[in-house]
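work-v2.cif (mmCIF, C-alpha atoms)
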data_work
#
loop_
_atom_site.label_atom_id
_atom_site.label_comp_id
_atom_site.auth_asym_id
_atom_site.auth_seq_id
_atom_site.Cartn_x
_atom_site.Cartn_y
_atom_site.Cartn_z
CA GLY G 9 79.44 -198.31 12.35
CA ALA G 10 80.01 -196.17 15.38
CA VAL G 11 79.85 -197.94 18.72
CA VAL G 12 78.45 -196.60 21.96
CA SER G 13 79.04 -198.65 25.08
CA GLN G 14 77.07 -198.42 28.30
CA HIS G 15 78.01 -199.88 31.65
CA PRO G 16 76.62 -201.49 33.71
CA SER G 17 73.91 -203.22 31.70
CA ARG G 18 72.04 -204.17 34.84
CA VAL G 19 72.22 -202.84 38.36
CA ILE G 20 70.22 -203.56 41.47
CA CYS G 21 70.59 -201.27 44.45
CA LYS G 22 68.94 -200.46 47.75
CA SER G 23 66.76 -197.44 48.17
CA GLY G 24 68.76 -194.39 49.18
CA THR G 25 71.99 -195.34 47.44
CA SER G 26 73.51 -193.68 44.38
CA VAL G 27 74.20 -195.40 41.09
CA LYS G 28 76.51 -194.27 38.28
CA ILE G 29 75.99 -195.27 34.65
CA GLU G 30 78.73 -194.72 32.08
CA CYS G 31 78.31 -194.03 28.39
CA ARG G 32 81.33 -194.23 26.11
CA SER G 33 81.77 -193.57 22.42
CA LEU G 34 84.37 -196.18 21.51
CA ASP G 35 85.56 -195.14 18.08
CA PHE G 36 84.56 -191.52 17.68
CA GLN G 37 84.43 -188.27 19.59
CA ALA G 38 81.04 -187.05 20.71
CA THR G 39 80.66 -183.42 21.72
CA THR G 40 77.03 -184.08 22.53
CA MET G 41 75.40 -187.07 24.19
CA PHE G 42 71.78 -187.59 25.12
CA TRP G 43 70.30 -189.50 28.05
CA TYR G 44 66.91 -191.19 27.81
CA ARG G 45 64.69 -193.07 30.21
CA GLN G 46 62.20 -195.74 29.23
CA PHE G 47 59.48 -197.18 31.45
CA PRO G 48 57.97 -200.59 30.61
CA LYS G 49 55.97 -200.60 27.37
CA GLN G 50 56.56 -196.90 26.86
CA SER G 51 58.69 -194.95 24.45
CA LEU G 52 61.98 -193.23 25.21
CA MET G 53 61.76 -189.94 27.03
CA LEU G 54 64.63 -187.49 26.75
CA MET G 55 66.05 -186.60 30.14
CA ALA G 56 68.94 -184.31 29.29
CA THR G 57 71.45 -183.22 26.68
CA SER G 58 75.06 -183.57 27.75
CA ASN G 59 77.69 -181.29 26.22
CA GLU G 60 81.39 -181.87 26.71
CA GLY G 61 82.91 -179.40 29.10
CA SER G 62 79.68 -177.66 30.06
CA LYS G 63 76.60 -178.19 32.17
CA ALA G 64 73.92 -180.52 30.91
CA THR G 65 70.59 -179.20 29.69
CA TYR G 66 67.69 -180.94 31.42
CA GLU G 67 64.22 -181.47 30.06
CA GLN G 68 61.25 -180.08 31.88
CA GLY G 69 60.29 -182.22 34.85
CA VAL G 70 63.70 -183.89 35.22
CA GLU G 71 65.39 -183.10 38.54
CA LYS G 72 68.95 -182.04 37.84
CA ASP G 73 70.01 -182.58 41.46
CA LYS G 74 68.76 -186.13 41.36
CA PHE G 75 70.11 -187.09 37.94
CA LEU G 76 73.66 -185.77 37.81
CA ILE G 77 75.22 -185.73 34.37
CA ASN G 78 78.90 -185.23 33.73
CA HIS G 79 80.51 -185.06 30.29
CA ALA G 80 84.16 -184.68 31.18
CA SER G 81 85.66 -185.86 27.90
CA LEU G 82 84.72 -186.29 24.26
CA THR G 83 84.22 -190.02 24.74
CA LEU G 84 82.60 -190.32 28.16
CA SER G 85 79.40 -189.11 29.77
CA THR G 86 78.08 -190.35 33.10
CA LEU G 87 74.63 -190.33 34.68
CA THR G 88 74.43 -190.63 38.45
CA VAL G 89 71.08 -191.39 40.03
CA THR G 90 71.40 -189.98 43.54
CA SER G 91 69.43 -191.28 46.51
CA ALA G 92 67.63 -193.74 44.30
CA HIS G 93 64.05 -194.75 45.06
CA PRO G 94 61.92 -197.57 43.62
CA GLU G 95 60.19 -195.14 41.25
CA ASP G 96 63.57 -194.49 39.64
CA SER G 97 63.65 -198.09 38.45
CA SER G 98 63.78 -197.86 34.68
CA PHE G 99 65.78 -198.52 31.53
CA TYR G 100 68.32 -195.75 30.90
CA ILE G 101 69.84 -195.34 27.43
CA CYS G 102 72.47 -192.94 26.17
CA SER G 103 73.21 -191.86 22.64
CA ALA G 104 75.91 -189.95 20.81
CA SER G 105 76.05 -188.22 17.47
CA LEU G 106 78.73 -189.01 14.94
CA LYS G 107 78.68 -185.78 12.99
CA GLY G 108 77.07 -182.95 14.87
CA ALA G 109 73.50 -181.79 14.67
CA ALA G 110 72.49 -183.52 11.44
CA GLY G 111 74.33 -186.75 12.06
CA GLU G 112 72.95 -190.14 12.82
CA LEU G 113 72.62 -190.97 16.50
CA PHE G 114 74.05 -194.20 17.87
CA PHE G 115 72.74 -195.74 21.04
CA GLY G 116 74.21 -197.72 23.87
CA GLU G 117 72.71 -201.05 24.89
CA GLY G 118 70.97 -199.47 27.85
CA SER G 119 71.20 -199.93 31.60
CA ARG G 120 68.37 -201.49 33.58
CA LEU G 121 68.17 -200.05 37.06
CA THR G 122 66.16 -201.78 39.76
CA VAL G 123 65.86 -200.04 43.10
CA LEU G 124 64.66 -202.25 45.95
CA LYS X 20 56.95 -178.48 21.45
CA GLN X 21 57.59 -181.36 19.06
CA GLU X 22 55.19 -184.29 19.39
CA VAL X 23 55.70 -187.54 17.53
CA THR X 24 52.89 -190.05 17.15
CA GLN X 25 52.93 -193.54 15.67
CA ILE X 26 49.99 -195.48 14.31
CA PRO X 27 49.09 -198.24 14.88
CA ALA X 28 50.22 -198.76 18.46
CA ALA X 29 50.22 -202.52 17.93
CA LEU X 30 50.00 -204.81 14.94
CA SER X 31 49.76 -208.59 14.60
CA VAL X 32 50.04 -210.13 11.13
CA PRO X 33 50.77 -213.47 9.50
CA GLU X 34 54.14 -214.07 7.94
CA GLY X 35 54.55 -212.80 4.39
CA GLU X 36 52.39 -209.70 4.60
CA ASN X 37 53.60 -206.29 3.49
CA LEU X 38 53.31 -203.73 6.27
CA VAL X 39 53.10 -199.96 6.62
CA LEU X 40 53.94 -198.24 9.88
CA ASN X 41 53.07 -194.58 10.23
CA CYS X 42 54.81 -191.73 12.03
CA SER X 43 53.62 -188.15 12.29
CA PHE X 44 55.28 -185.11 13.85
CA THR X 45 54.00 -181.64 14.65
CA ASP X 46 57.03 -179.44 13.90
CA SER X 47 58.48 -179.80 10.40
CA ALA X 48 61.71 -177.96 11.26
CA ILE X 49 63.82 -181.09 11.56
CA TYR X 50 67.30 -182.15 10.45
CA ASN X 51 66.39 -185.76 9.90
CA LEU X 52 64.15 -188.64 10.86
CA GLN X 53 65.36 -192.01 12.02
CA TRP X 54 63.61 -195.37 12.35
CA PHE X 55 64.71 -197.80 15.04
CA ARG X 56 63.92 -201.31 16.11
CA GLN X 57 63.85 -202.38 19.75
CA ASP X 58 63.60 -205.96 20.93
CA PRO X 59 62.13 -206.60 24.40
CA GLY X 60 64.50 -205.57 27.16
CA LYS X 61 67.16 -204.50 24.68
CA GLY X 62 68.64 -201.31 23.28
CA LEU X 63 67.94 -199.70 19.94
CA THR X 64 68.98 -200.79 16.47
CA SER X 65 69.04 -198.05 13.85
CA LEU X 66 67.23 -199.10 10.69
CA LEU X 67 67.10 -196.09 8.41
CA LEU X 68 68.04 -192.41 8.56
CA ILE X 69 66.39 -189.90 6.24
CA GLN X 70 67.84 -186.42 6.02
CA SER X 71 65.36 -183.55 5.74
CA SER X 72 66.30 -183.01 2.10
CA GLN X 73 65.59 -186.63 1.18
CA ARG X 74 62.30 -188.30 0.32
CA GLU X 75 63.10 -191.92 1.07
CA GLN X 76 65.70 -194.48 2.07
CA THR X 77 65.83 -198.21 1.43
CA SER X 78 67.61 -201.06 3.15
CA GLY X 79 66.77 -204.61 2.12
CA ARG X 80 63.08 -205.24 2.79
CA LEU X 81 62.69 -201.87 4.49
CA ASN X 82 61.73 -198.62 2.84
CA ALA X 83 61.14 -195.37 4.69
CA SER X 84 59.64 -192.25 3.20
CA LEU X 85 59.55 -188.70 4.50
CA ASP X 86 57.14 -185.88 3.70
CA LYS X 87 58.52 -183.12 5.85
CA SER X 88 55.99 -180.48 4.88
CA SER X 89 53.08 -182.61 6.02
CA GLY X 90 54.94 -184.01 9.03
CA ARG X 91 54.71 -187.65 8.03
CA SER X 92 56.93 -190.65 7.55
CA THR X 93 56.12 -194.25 6.73
CA LEU X 94 58.14 -197.42 7.20
CA TYR X 95 57.30 -200.11 4.69
CA ILE X 96 58.26 -203.70 5.51
CA ALA X 97 58.03 -206.12 2.63
CA ALA X 98 57.36 -209.83 3.04
CA SER X 99 57.31 -209.75 6.83
CA GLN X 100 58.98 -212.52 8.82
CA PRO X 101 58.64 -213.70 12.44
CA GLY X 102 62.10 -212.24 13.06
CA ASP X 103 60.68 -208.80 12.33
CA SER X 104 58.68 -208.98 15.55
CA ALA X 105 59.78 -206.04 17.72
CA THR X 106 58.83 -202.50 18.63
CA TYR X 107 59.50 -199.94 15.91
CA LEU X 108 60.24 -196.37 16.90
CA CYS X 109 60.55 -193.30 14.75
CA ALA X 110 62.44 -190.27 16.02
CA VAL X 111 62.84 -186.76 14.65
CA ARG X 112 65.97 -184.70 15.12
CA ALA X 113 66.21 -180.97 15.56
CA ASP X 114 68.43 -179.78 18.40
CA LYS X 115 67.46 -183.02 20.12
CA LEU X 116 66.03 -186.36 19.14
CA ILE X 117 62.39 -186.88 20.06
CA PHE X 118 60.90 -190.36 19.90
CA GLY X 119 57.50 -191.46 18.79
CA THR X 120 55.10 -193.57 20.79
CA GLY X 121 56.15 -196.79 19.04
CA THR X 122 54.44 -199.62 17.15
CA ARG X 123 54.62 -203.14 18.62
CA LEU X 124 54.74 -205.58 15.76
CA GLN X 125 54.16 -209.30 15.98
CA VAL X 126 54.57 -211.50 12.92
CA PHE X 127 53.34 -215.03 13.42
CA PRO X 128 54.26 -218.06 11.32
#
Would you give me this structure, written as structure tokens?
Amino acid sequence: GAVVSQHPSRVICKSGTSVKIECRSLDFQATTMFWYRQFPKQSLMLMATSNEGSKATYEQGVEKDKFLINHASLTLSTLTVTSAHPEDSSFYICSASLKGAAGELFFGEGSRLTVL
Amino acid sequence: KQEVTQIPAALSVPEGENLVLNCSFTDSAIYNLQWFRQDPGKGLTSLLLIQSSQREQTSGRLNASLDKSSGRSTLYIAASQPGDSATYLCAVRADKLIFGTGTRLQVFP
């Protein structure tokens, strides 16, 4: 099956710093990737849709200046949490579609961010 | 706005029982519905994908059905095992994938 890799899997940072999370589709090209956030014991909430070569589409309530998404190639999307605060501590997961809109979505292993 | 709800929120059963997990969604204009499993602190494992034109999919002890017109899907787990303990998430796909609230399952020996 298709593989999506996320890095880093865990990151701890000080409040005020920026953290970048990478999402790579290893064996297929993904024109669209999705970023999700999951708080403890809650479901996944969609943050934004990332399209290769264009600006990301953010969900209502998600600050685009705080969560910078870049999808520079068909195999890589990055999420940068800028000026991180403790309330940004969460589990961030990316996903990519194998075959366009109706295709199955494959997920990365997730990145756990802890902001001290 | 699409809303996806799962019932029950939590379930604890003895090993060997057959289980039914429910998923309902408010907007039937979907491409497909996917069931996932998530272990604590881990990512997602895709279990079954049902396209909007399909009624059900089966994989081993798992069977998922879809009634798009009524906005419902069920995941049937036969002969449950302790290794099935996890959170089960359904998600519906239109232009984006929206997740349900999840069912936390515990199967005890």
Review point. What residues in chain X lie within 7 Å of chain G, counting all atoms listed in the file, written as a PyMOL selection string?
Key: chain X and resi 50-51+61-63+68+114+118-121
Residue neighbourhood Lys72 (chain G), 12 Å, only C-alpha atoms, exclusion window fewer than 5 positions, as an NGL selection string:
:G and (55-58 or 63-67 or 77-78 or 87-90)
When the PyMOL selection byres ((chain X and resi 37-44) around 7) is applied to the structure above, which residues does it catch, written out as a VMD selection string?
chain X and resid 21 to 27 35 to 36 45 to 46 90 to 99 109
Exercise for the section: Could you please determine the separation between CA of Thr122 (chain X) and CA of Glu30 (chain G) in Å, to one decimal place? Expected result: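 Result for CA of Thr122 (chain X) versus CA of Glu30 (chain G): 28.9 Å, one decimal.
When you apply the PyMOL selection byres ((chain X and resi 67) around 7) to this structure, what comes back is X:Gln53, X:Trp54, X:Ser65, X:Leu66, X:Leu68, X:Ile69, X:Gln76.
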Residues just named, written with C-alpha atoms as a PDB file, keeping the file's coordinate frame:
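Contents of the output file result_20.pdb:
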ATOM      1  CA  GLN X  53      65.360-192.010  12.020  1.00  0.00           C
ATOM      2  CA  TRP X  54      63.610-195.370  12.350  1.00  0.00           C
ATOM      3  CA  SER X  65      69.040-198.050  13.850  1.00  0.00           C
ATOM      4  CA  LEU X  66      67.230-199.100  10.690  1.00  0.00           C
ATOM      5  CA  LEU X  68      68.040-192.410   8.560  1.00  0.00           C
ATOM      6  CA  ILE X  69      66.390-189.900   6.240  1.00  0.00           C
ATOM      7  CA  GLN X  76      65.700-194.480   2.070  1.00  0.00           C
TER       8      GLN X  76
END
Could you pull out every residue with an atom within 10 Å of (82.4, -176.9, 24.3), file coordinates, counting all atoms listed in the file, and send them as a ChimeraX atom specification? /G:39-40,59-63,82
Practice problem: One decimal, Å: what's the distance from CA of Thr122 (chain G) over to CA of Ala105 (chain X), could you say? | Solution: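 Answer for the CA of Thr122 (chain G) to CA of Ala105 (chain X) separation: 23.3 Å.
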Might you spell out which residues the PyMOL selection byres ((chain X and resi 58) around 10) would select in the displayed file, as number ranges by chain?
X: 56-57, 59-64, 103-107, 123
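Among G:Cys31, G:Ala38, G:Ala80, G:Leu121, the residue with the shortest atom-to-atom distance to Arg18 (chain G), counting all atoms listed in the file, is G:Leu121.
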ask   = Quick one: distance from CA of Val70 (chain G) to CA of Ser97 (chain G) in Å, one decimal?
value =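 Here the two named atoms are 14.6 Å from each other.
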**OP:** Determine, counting all atoms listed in the file, which protein, DNA and RNA residues have an atom within 7 Å of an atom of Thr83 (chain G); residues of the same chain fewer than 3 positions away are not included. Present the result as a list in words.
**Re:** Arg32, Ser33, Leu34, Gln37 and Ala38 of chain G
Can you pull out the residues contacting Asp35 (chain G)? Cut-off 9 Å, using all atoms listed in the file, and skip same-chain residues under 3 positions away; I want them as a list in words.
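Residues meeting the cut-off are Gly9, Ala10, Val11, Val12 and Thr83 of chain G.
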His15 (chain G) proximity check over G:Arg45, G:Ser85, G:Phe75, G:Ser105, using only C-alpha atoms: winner is G:Ser85
**Prompt:** Any idea what's packed within 8 Å of Pro94 (chain G), counting all atoms listed in the file, ignoring anything in its chain fewer than 4 positions away? Could you give it as a VMD selection string?
**Reply:** chain G and resid 23 122 to 124
Please dump the current selection as a CSV table (one decimal), in the coordinates of the input; keep C-alpha atoms.
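Written file, selection36.csv:
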chain,number,residue,atom,x,y,z
G,23,SER,CA,66.8,-197.4,48.2
G,122,THR,CA,66.2,-201.8,39.8
G,123,VAL,CA,65.9,-200.0,43.1
G,124,LEU,CA,64.7,-202.2,46.0
